[in-house]
Amino acid sequence: MAEAKLCEKRSVTWSGMCINTHHCDQQCKDWEEAVHGACHFQWPGFACFCYVEC
């Protein structure tokens, strides 16, 4: 069984700078039905990105 490909998208429920990847991960899973989430740099700071099945 092949794994589904994941696509990255900026979180639509996160506000402010993303400092704690664990919190971003939980929010993506709980609020956006994502597989996981992580903080990544996006000018001018860090944003929460969610990874969902494409």
# chains A, B, ... in the order shown; residues from 1 in each chain; ligands from 1
>>> select_by_dssp(residues="chain A", states="alpha helix (DSSP H)", output="MDAnalysis selection string")
chainID A and resid 21:32
>>> write_last_selection(atoms="N, CA, C and O atoms", output="mmCIF file, in the first residue's frame")
data_model
loop_
_atom_site.group_PDB
_atom_site.id
_atom_site.type_symbol
_atom_site.label_atom_id
_atom_site.label_comp_id
_atom_site.auth_asym_id
_atom_site.auth_seq_id
_atom_site.Cartn_x
_atom_site.Cartn_y
_atom_site.Cartn_z
ATOM 1 N N THR A 21 6.735 24.329 17.279
ATOM 2 C CA THR A 21 6.258 23.404 16.250
ATOM 3 C C THR A 21 5.234 22.425 16.808
ATOM 4 O O THR A 21 4.279 22.062 16.116
ATOM 5 N N HIS A 22 5.383 22.013 18.060
ATOM 6 C CA HIS A 22 4.425 21.070 18.657
ATOM 7 C C HIS A 22 3.022 21.670 18.691
ATOM 8 O O HIS A 22 2.047 20.991 18.373
ATOM 9 N N HIS A 23 2.903 22.934 19.068
ATOM 10 C CA HIS A 23 1.590 23.582 19.109
ATOM 11 C C HIS A 23 1.002 23.705 17.709
ATOM 12 O O HIS A 23 -0.199 23.484 17.508
ATOM 13 N N CYS A 24 1.841 24.048 16.733
ATOM 14 C CA CYS A 24 1.406 24.127 15.339
ATOM 15 C C CYS A 24 0.915 22.757 14.874
ATOM 16 O O CYS A 24 -0.142 22.643 14.253
ATOM 17 N N ASP A 25 1.662 21.716 15.181
ATOM 18 C CA ASP A 25 1.297 20.348 14.806
ATOM 19 C C ASP A 25 -0.072 19.981 15.375
ATOM 20 O O ASP A 25 -0.945 19.485 14.659
ATOM 21 N N GLN A 26 -0.287 20.264 16.665
ATOM 22 C CA GLN A 26 -1.565 19.939 17.301
ATOM 23 C C GLN A 26 -2.710 20.727 16.677
ATOM 24 O O GLN A 26 -3.780 20.180 16.437
ATOM 25 N N GLN A 27 -2.495 22.007 16.416
ATOM 26 C CA GLN A 27 -3.567 22.816 15.837
ATOM 27 C C GLN A 27 -3.926 22.326 14.440
ATOM 28 O O GLN A 27 -5.092 22.254 14.078
ATOM 29 N N CYS A 28 -2.916 21.989 13.641
ATOM 30 C CA CYS A 28 -3.179 21.475 12.301
ATOM 31 C C CYS A 28 -3.995 20.184 12.356
ATOM 32 O O CYS A 28 -4.933 19.997 11.579
ATOM 33 N N LYS A 29 -3.642 19.311 13.265
ATOM 34 C CA LYS A 29 -4.355 18.038 13.402
ATOM 35 C C LYS A 29 -5.779 18.238 13.925
ATOM 36 O O LYS A 29 -6.731 17.663 13.397
ATOM 37 N N ASP A 30 -5.918 19.065 14.960
ATOM 38 C CA ASP A 30 -7.211 19.230 15.626
ATOM 39 C C ASP A 30 -8.183 20.119 14.851
ATOM 40 O O ASP A 30 -9.382 19.857 14.835
ATOM 41 N N TRP A 31 -7.691 21.179 14.225
ATOM 42 C CA TRP A 31 -8.575 22.178 13.620
ATOM 43 C C TRP A 31 -8.643 22.104 12.102
ATOM 44 O O TRP A 31 -9.603 22.570 11.507
ATOM 45 N N GLU A 32 -7.596 21.555 11.476
ATOM 46 C CA GLU A 32 -7.559 21.580 10.008
ATOM 47 C C GLU A 32 -7.495 20.185 9.389
ATOM 48 O O GLU A 32 -7.278 20.051 8.193
#
>>> residues_around(residues="Gly16 of chain A", least_positions_apart="2", cutoff="10 Å", atoms="only C-alpha atoms", output="PyMOL selection string")
chain A and resi 14+18-19+45-48
>>> residues_around(residues="Cys54 of chain A", least_positions_apart="5", cutoff="7 Å", atoms="only C-alpha atoms", output="PyMOL selection string")
chain A and resi 5-7
>>> atom_distance(atom1="atom CA of Ser15 of chain A", atom2="atom CA of Phe49 of chain A")
11.5 Å
>>> decode(residues="chain A", atoms="C-alpha atoms", output="mmCIF file, in the first residue's frame")
data_model
loop_
_atom_site.group_PDB
_atom_site.id
_atom_site.type_symbol
_atom_site.label_atom_id
_atom_site.label_comp_id
_atom_site.auth_asym_id
_atom_site.auth_seq_id
_atom_site.Cartn_x
_atom_site.Cartn_y
_atom_site.Cartn_z
ATOM 1 C CA MET A 1 0.000 0.000 0.000
ATOM 2 C CA ALA A 2 1.524 3.322 -1.074
ATOM 3 C CA GLU A 3 1.579 6.301 1.257
ATOM 4 C CA ALA A 4 -0.453 9.327 0.230
ATOM 5 C CA LYS A 5 1.539 12.310 -0.977
ATOM 6 C CA LEU A 6 1.470 15.279 1.406
ATOM 7 C CA CYS A 7 1.022 18.872 0.308
ATOM 8 C CA GLU A 8 2.099 21.865 2.391
ATOM 9 C CA LYS A 9 -0.261 24.768 2.996
ATOM 10 C CA ARG A 10 -0.100 27.691 5.350
ATOM 11 C CA SER A 11 -2.439 27.268 8.316
ATOM 12 C CA VAL A 12 -5.682 29.217 8.037
ATOM 13 C CA THR A 13 -6.421 28.976 11.782
ATOM 14 C CA TRP A 14 -3.020 30.010 13.203
ATOM 15 C CA SER A 15 -2.430 33.661 14.090
ATOM 16 C CA GLY A 16 0.849 35.314 14.946
ATOM 17 C CA MET A 17 4.400 34.031 14.744
ATOM 18 C CA CYS A 18 4.942 30.282 14.978
ATOM 19 C CA ILE A 19 7.533 29.532 17.648
ATOM 20 C CA ASN A 20 6.522 26.089 18.946
ATOM 21 C CA THR A 21 6.258 23.404 16.250
ATOM 22 C CA HIS A 22 4.425 21.070 18.657
ATOM 23 C CA HIS A 23 1.590 23.582 19.109
ATOM 24 C CA CYS A 24 1.406 24.127 15.339
ATOM 25 C CA ASP A 25 1.297 20.348 14.806
ATOM 26 C CA GLN A 26 -1.565 19.939 17.301
ATOM 27 C CA GLN A 27 -3.567 22.816 15.837
ATOM 28 C CA CYS A 28 -3.179 21.475 12.301
ATOM 29 C CA LYS A 29 -4.355 18.038 13.402
ATOM 30 C CA ASP A 30 -7.211 19.230 15.626
ATOM 31 C CA TRP A 31 -8.575 22.178 13.620
ATOM 32 C CA GLU A 32 -7.559 21.580 10.008
ATOM 33 C CA GLU A 33 -7.680 17.769 9.775
ATOM 34 C CA ALA A 34 -4.048 17.679 8.648
ATOM 35 C CA VAL A 35 -1.594 14.801 9.003
ATOM 36 C CA HIS A 36 0.849 17.089 10.833
ATOM 37 C CA GLY A 37 2.102 20.653 11.049
ATOM 38 C CA ALA A 38 5.364 22.530 11.581
ATOM 39 C CA CYS A 39 6.786 26.035 11.913
ATOM 40 C CA HIS A 40 8.732 27.239 8.869
ATOM 41 C CA PHE A 41 10.332 30.530 7.942
ATOM 42 C CA GLN A 42 8.239 32.817 5.782
ATOM 43 C CA TRP A 43 9.166 36.467 5.554
ATOM 44 C CA PRO A 44 9.073 38.337 7.936
ATOM 45 C CA GLY A 45 9.094 35.507 10.511
ATOM 46 C CA PHE A 46 7.940 31.960 11.141
ATOM 47 C CA ALA A 47 4.489 30.681 10.161
ATOM 48 C CA CYS A 48 2.566 27.494 10.894
ATOM 49 C CA PHE A 49 2.247 25.165 7.904
ATOM 50 C CA CYS A 50 -0.054 22.164 7.752
ATOM 51 C CA TYR A 51 0.569 19.020 5.740
ATOM 52 C CA VAL A 52 -2.514 17.476 4.188
ATOM 53 C CA GLU A 53 -3.035 14.600 1.767
ATOM 54 C CA CYS A 54 -2.967 15.903 -1.791
#
